[in-house]
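Only one structure is covered here, and it is reproduced in the block below.
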Amino acid sequence: MGLGEEAVRFCRLADGSRVAYASVGDGPALVMPPGWLCHLEENWVHPAAASAREKLAAAHRFVWYDRLGCGLSDRDGFEPSLDNDVAQLVAVLDHAGIDRANLIGYSYGAPPVAQFAVQHPERVERLVFYSAFARGAAVSTKQAHEALKQVIRLDWGVGSRALASRLMPNASSQDLAWFDRFQRRATSSDNAVRLLEYRSSMDVRELLPSIRAPTLVLHNRDDRAVPLSAGQEIASLVPGAQLRILDGNEHDPFIRDSGSVVEEILAFIEGRRPITERVETRYDALTPREREVLQHIAEGDANKQIASFLGVSVATVERHVTNLYRKLGAHGRADATRAAVAMGLLSTGVSG
């Protein structure tokens, strides 16, 4: 799932540091600053992540980039700081010709997004914080933090595998192998430790009450890497913020829980009610046959194929499709597919 050289762009900060970024799709800008580690291409090699990116870019210009120290951006000669992170975001937006954007503040990306929103309110449309924290101290104890740094210093391979299990607790062996490889390609052990140390200095609690953009805080109830209390803290400090707690334990937004996360993000940005809410209230209204048809729709089967699989006429399938669309409030196959994922009718993981 390579981007191709033509899709990668580079911009520079005032000190000459080079930041790599990429974008796909057209429409209102949706920008996702990096979390802890990143790599322009490796982030999206996993099939579920690639599918999430495709959905995010279906009606938006989706932009992401490598933070300094990672991926295709300069890896040396930088000092991690919130001001530096904000400067990277500004440089990417300016070089990409984006005056105003929707922003996703995921994990490490949340504090710089918050600072940017306060310093440049005219450039922010809407904010989504996912698996986010306002202060590094809310993520883990000092003892656990120091132990993790020590493991990474001693053996980045061992440290990477330990982190993969923590960030993706429901992962298959293929998932873990992919994430382990991604982390070690994203940066060196020295830079991984530097970025962990940087987390300790992050604290934007005093800035959050000054955010004026409409804000959604998304958090998995049992997130193993960033506790729910960290997300609740953000929601309590940002005026008018909506808090949406999802039933999951993943930290990565685009693998096992990607269906509900992507739908929640898009629904908020587009100013509509999430299909997941509609599913919760209308799932029981679907007949067993309608659920079966819905699953086939989500798998990409045409009505004629569904009729053949089920041994019924095309007209019968069309009637089921009309009924299930009405019950779910779906406006097409994309909505129906999101509903199927939210219901657990469609797997988004790596096949064995």
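Please note that chains go A, B, ... in the order of the structure tokens, that every chain numbers its residues from 1, and that ligands are numbered from 1 in the order shown.
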- Message: Can you pull out the residues contacting His95 (chain A)? Cut-off 12 Å, using only C-alpha atoms, and skip same-chain residues under 5 positions away; I want them as a VMD selection string.
- Response: chain A and resid 9 to 13 18 to 23 63 88 to 90
Residues as selected, C-alpha atoms, written as a CSV table (one decimal), in the first residue's frame, can you do that?
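Everything below was put into again-v6.csv:
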```
chain,number,residue,atom,x,y,z
A,9,ARG,CA,5.8,16.3,0.0
A,10,PHE,CA,8.4,18.1,2.2
A,11,CYS,CA,8.2,21.4,4.0
A,12,ARG,CA,10.7,23.1,6.2
A,13,LEU,CA,10.6,24.8,9.6
A,18,ARG,CA,12.5,19.0,7.0
A,19,VAL,CA,9.0,17.5,7.6
A,20,ALA,CA,7.4,15.0,5.3
A,21,TYR,CA,3.7,14.9,4.7
A,22,ALA,CA,1.1,13.3,2.4
A,23,SER,CA,-2.6,13.7,1.5
A,63,VAL,CA,-3.6,15.0,5.5
A,88,GLN,CA,5.5,21.4,12.4
A,89,LEU,CA,1.7,21.5,12.1
A,90,VAL,CA,1.7,25.2,10.9
```
- Item | Nearby residues (only C-alpha atoms) at most 10 Å from Trp178 (chain A), same-chain spacing under 3 positions excluded, as a list in words | Glu42, Asn43, Val45, His46, Ala164, Ser172, Ser173, Gln174, Asp175, Arg181, Phe182, Gln183 and Val350 of chain A
Let's have the selection written as a compact mmCIF listing (two decimals), in the first residue's frame, with N, CA and C atoms.
```txt
# COMPACT_ATOMS: atom_id res chain seq x y z
N GLU A 42 4.27 3.32 6.32
CA GLU A 42 4.10 2.13 7.16
C GLU A 42 2.85 2.21 8.03
N ASN A 43 2.41 3.42 8.40
CA ASN A 43 1.20 3.56 9.20
C ASN A 43 0.00 2.87 8.57
N VAL A 45 -0.03 0.29 6.12
CA VAL A 45 0.17 -1.01 5.47
C VAL A 45 -0.89 -2.02 5.91
N HIS A 46 -1.30 -1.94 7.17
CA HIS A 46 -2.31 -2.86 7.68
C HIS A 46 -3.62 -2.65 6.91
N ALA A 164 3.54 -3.15 21.44
CA ALA A 164 2.53 -3.63 20.50
C ALA A 164 1.41 -4.35 21.25
N SER A 172 -4.13 -10.02 16.58
CA SER A 172 -3.70 -11.34 16.14
C SER A 172 -2.18 -11.34 16.03
N SER A 173 -1.59 -12.50 15.80
CA SER A 173 -0.14 -12.57 15.64
C SER A 173 0.31 -11.74 14.44
N GLN A 174 -0.51 -11.69 13.37
CA GLN A 174 -0.18 -10.88 12.21
C GLN A 174 -0.23 -9.39 12.54
N ASP A 175 -1.25 -9.00 13.32
CA ASP A 175 -1.35 -7.61 13.75
C ASP A 175 -0.10 -7.18 14.52
N ARG A 181 6.98 -4.24 13.50
CA ARG A 181 7.80 -3.80 12.37
C ARG A 181 7.63 -2.30 12.12
N PHE A 182 6.39 -1.84 12.19
CA PHE A 182 6.11 -0.41 11.98
C PHE A 182 6.88 0.45 12.97
N GLN A 183 6.82 0.09 14.26
CA GLN A 183 7.47 0.91 15.28
C GLN A 183 8.98 0.99 15.06
N VAL A 350 -6.74 -8.41 10.10
CA VAL A 350 -5.92 -9.11 9.14
C VAL A 350 -6.30 -10.58 9.13
```
- Could you pull out the alpha helix (DSSP H) residues of region 82-249 of chain A from DSSP and send them as an NGL selection string? :A and (82-96 or 110-119 or 142-154 or 156-167 or 173-186 or 189-201 or 228-237)
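In terms of minimum interatomic distance to Leu56 (chain A), A:Val24 ranks closest within A:Ile255, A:Met343, A:Leu163, A:Val24, counting only C-alpha atoms.
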- Message: Residues within 12 Å of Asn249 (chain A), please, as a list in words. Count only C-alpha atoms; anything in the same chain fewer than 3 positions from it doesn't count.
- Response: Ser131, Ser165, Arg166, Leu167, Met168, Pro169, Asn170, Ala171, His219, Asn220, Arg221, Asp222, Asp223, Arg224, Ala225, Val226, Pro227, Leu228, Ile245, Leu246, Asp252, Pro253, Ile255, Arg256 and Asp257 of chain A
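Taking the backbone of this structure through DSSP, the residues of region 74-296 of chain A that come out as strand (DSSP E) are Ala101, Asn102, Leu103, Ile104, Gly105, Tyr106, Val124, Glu125, Arg126, Leu127, Val128, Phe129, Tyr130, Thr215, Leu216, Val217, Leu218, His219, Asn220, Gln242, Leu243, Arg244, Ile245 and Leu246 of chain A.
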Output the selection as a tab-separated table (two decimals), in the first residue's frame - C-alpha atoms for each residue.
```tsv
chain	number	residue	atom	x	y	z
A	101	ALA	CA	-9.00	22.47	8.82
A	102	ASN	CA	-10.70	19.88	10.97
A	103	LEU	CA	-8.09	18.35	13.29
A	104	ILE	CA	-7.76	14.92	14.92
A	105	GLY	CA	-5.67	15.03	18.09
A	106	TYR	CA	-4.74	11.40	18.69
A	124	VAL	CA	-9.66	25.42	13.13
A	125	GLU	CA	-13.05	24.18	11.97
A	126	ARG	CA	-13.70	21.29	14.41
A	127	LEU	CA	-11.59	19.26	16.83
A	128	VAL	CA	-11.65	15.56	17.63
A	129	PHE	CA	-9.55	14.20	20.50
A	130	TYR	CA	-9.14	10.42	20.45
A	215	THR	CA	-14.95	19.61	20.09
A	216	LEU	CA	-15.56	15.88	20.37
A	217	VAL	CA	-13.64	13.71	22.83
A	218	LEU	CA	-13.61	10.00	21.87
A	219	HIS	CA	-12.13	7.40	24.19
A	220	ASN	CA	-12.34	3.65	24.57
A	242	GLN	CA	-18.95	16.31	23.71
A	243	LEU	CA	-17.66	13.14	25.35
A	244	ARG	CA	-18.30	9.85	23.58
A	245	ILE	CA	-17.12	6.69	25.39
A	246	LEU	CA	-16.74	3.65	23.16
```
- Computed gap from CA of Glu54 (chain A) to CA of Ser308 (chain A) is 29.1 Å
- Skip His320 (chain A) itself and residues of its chain fewer than 4 positions away, then list as an MDAnalysis selection string all residues within 9 Å of it, counting only C-alpha atoms. chainID A and resid 289:290 293:294 315:316 324:325
Residue subset to file, keeping N, CA and C atoms, as a PDB file, in the first residue's frame:
```pdb
ATOM      1  N   ARG A 289     -32.983 -12.129   8.063  1.00  0.00           N
ATOM      2  CA  ARG A 289     -32.672 -12.086   6.636  1.00  0.00           C
ATOM      3  C   ARG A 289     -32.086 -10.722   6.249  1.00  0.00           C
ATOM      4  N   GLU A 290     -32.627  -9.659   6.845  1.00  0.00           N
ATOM      5  CA  GLU A 290     -32.108  -8.315   6.543  1.00  0.00           C
ATOM      6  C   GLU A 290     -30.668  -8.170   7.041  1.00  0.00           C
ATOM      7  N   VAL A 293     -28.506  -9.921   4.478  1.00  0.00           N
ATOM      8  CA  VAL A 293     -28.337  -9.087   3.283  1.00  0.00           C
ATOM      9  C   VAL A 293     -27.361  -7.946   3.576  1.00  0.00           C
ATOM     10  N   LEU A 294     -27.496  -7.347   4.768  1.00  0.00           N
ATOM     11  CA  LEU A 294     -26.603  -6.249   5.159  1.00  0.00           C
ATOM     12  C   LEU A 294     -25.153  -6.706   5.163  1.00  0.00           C
ATOM     13  N   ALA A 315     -35.462  -9.148  -7.003  1.00  0.00           N
ATOM     14  CA  ALA A 315     -36.518  -8.261  -6.498  1.00  0.00           C
ATOM     15  C   ALA A 315     -36.680  -8.409  -4.983  1.00  0.00           C
ATOM     16  N   THR A 316     -36.554  -9.646  -4.497  1.00  0.00           N
ATOM     17  CA  THR A 316     -36.645  -9.881  -3.051  1.00  0.00           C
ATOM     18  C   THR A 316     -35.481  -9.215  -2.323  1.00  0.00           C
ATOM     19  N   LEU A 324     -34.046  -2.401   5.066  1.00  0.00           N
ATOM     20  CA  LEU A 324     -32.977  -2.226   6.057  1.00  0.00           C
ATOM     21  C   LEU A 324     -32.394  -0.817   5.987  1.00  0.00           C
ATOM     22  N   TYR A 325     -32.335  -0.214   4.794  1.00  0.00           N
ATOM     23  CA  TYR A 325     -31.890   1.177   4.693  1.00  0.00           C
ATOM     24  C   TYR A 325     -32.823   2.085   5.488  1.00  0.00           C
TER      25      TYR A 325
END
```
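If you measure from each of A:Leu82, A:Ala241, A:Val262, A:Val312 to Met202 (chain A) using only C-alpha atoms, the closest one turns out to be A:Leu82.
Proximity ranking of A:Ala7, A:Ala58, A:Arg75, A:Ser140 relative to Ala334 (chain A) places A:Ala58 first, based on only C-alpha atoms.
Around Val204 (chain A), within 10 Å and counting only C-alpha atoms, the residues found are Leu82, Ala110, Pro111, Pro112, Val113, Ala114, Gln115, Phe133, Ala134, Arg135, Gly136, Leu208, Pro209 and Ile234 of chain A, once anything fewer than 4 positions away on its own chain is removed.
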- Item | Residue among A:Ala213, A:Ala138, A:Ala330, A:Leu196 lying closest to Arg273 (chain A), counting only C-alpha atoms | A:Ala330
- Given only C-alpha atoms as the counted atoms, nearest of A:Ala14, A:Ser236, A:Arg338, A:Val86 to Glu264 (chain A): A:Arg338
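The shortest atom-to-atom distance to Leu148 (chain A), with only C-alpha atoms taken into account, belongs to A:Ala192 out of A:Val118, A:Ala235, A:Ala302, A:Ala192.
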- Mind checking which residues fall within 10 Å of Leu40 (chain A), counting only C-alpha atoms, ignoring those fewer than 3 positions away in the same chain, and posting them as JSON, numbers by chain? {"A": [2, 3, 8, 20, 21, 22, 23, 34, 43, 44, 45, 64, 65, 66, 67, 70, 71, 72, 73, 186]}
Go ahead and save the residues from that selection, with C-alpha atoms, as a compact mmCIF listing (two decimals), in the first residue's frame.
```txt
# COMPACT_ATOMS: atom_id res chain seq x y z
CA GLY A 2 2.74 2.41 -1.00
CA LEU A 3 1.96 6.06 -1.64
CA VAL A 8 5.05 12.63 -0.52
CA ALA A 20 7.41 14.95 5.30
CA TYR A 21 3.66 14.90 4.73
CA ALA A 22 1.08 13.33 2.42
CA SER A 23 -2.57 13.74 1.55
CA PRO A 34 1.17 12.19 14.47
CA ASN A 43 1.20 3.56 9.20
CA TRP A 44 -1.23 2.39 6.52
CA VAL A 45 0.17 -1.01 5.47
CA TRP A 64 -1.01 13.31 7.80
CA TYR A 65 2.70 13.77 8.40
CA ASP A 66 5.78 12.42 10.14
CA ARG A 67 6.91 14.26 13.25
CA CYS A 70 10.35 9.70 12.76
CA GLY A 71 9.58 8.23 9.37
CA LEU A 72 10.62 10.29 6.36
CA SER A 73 11.10 13.52 8.30
CA ALA A 186 9.40 4.50 12.38
```
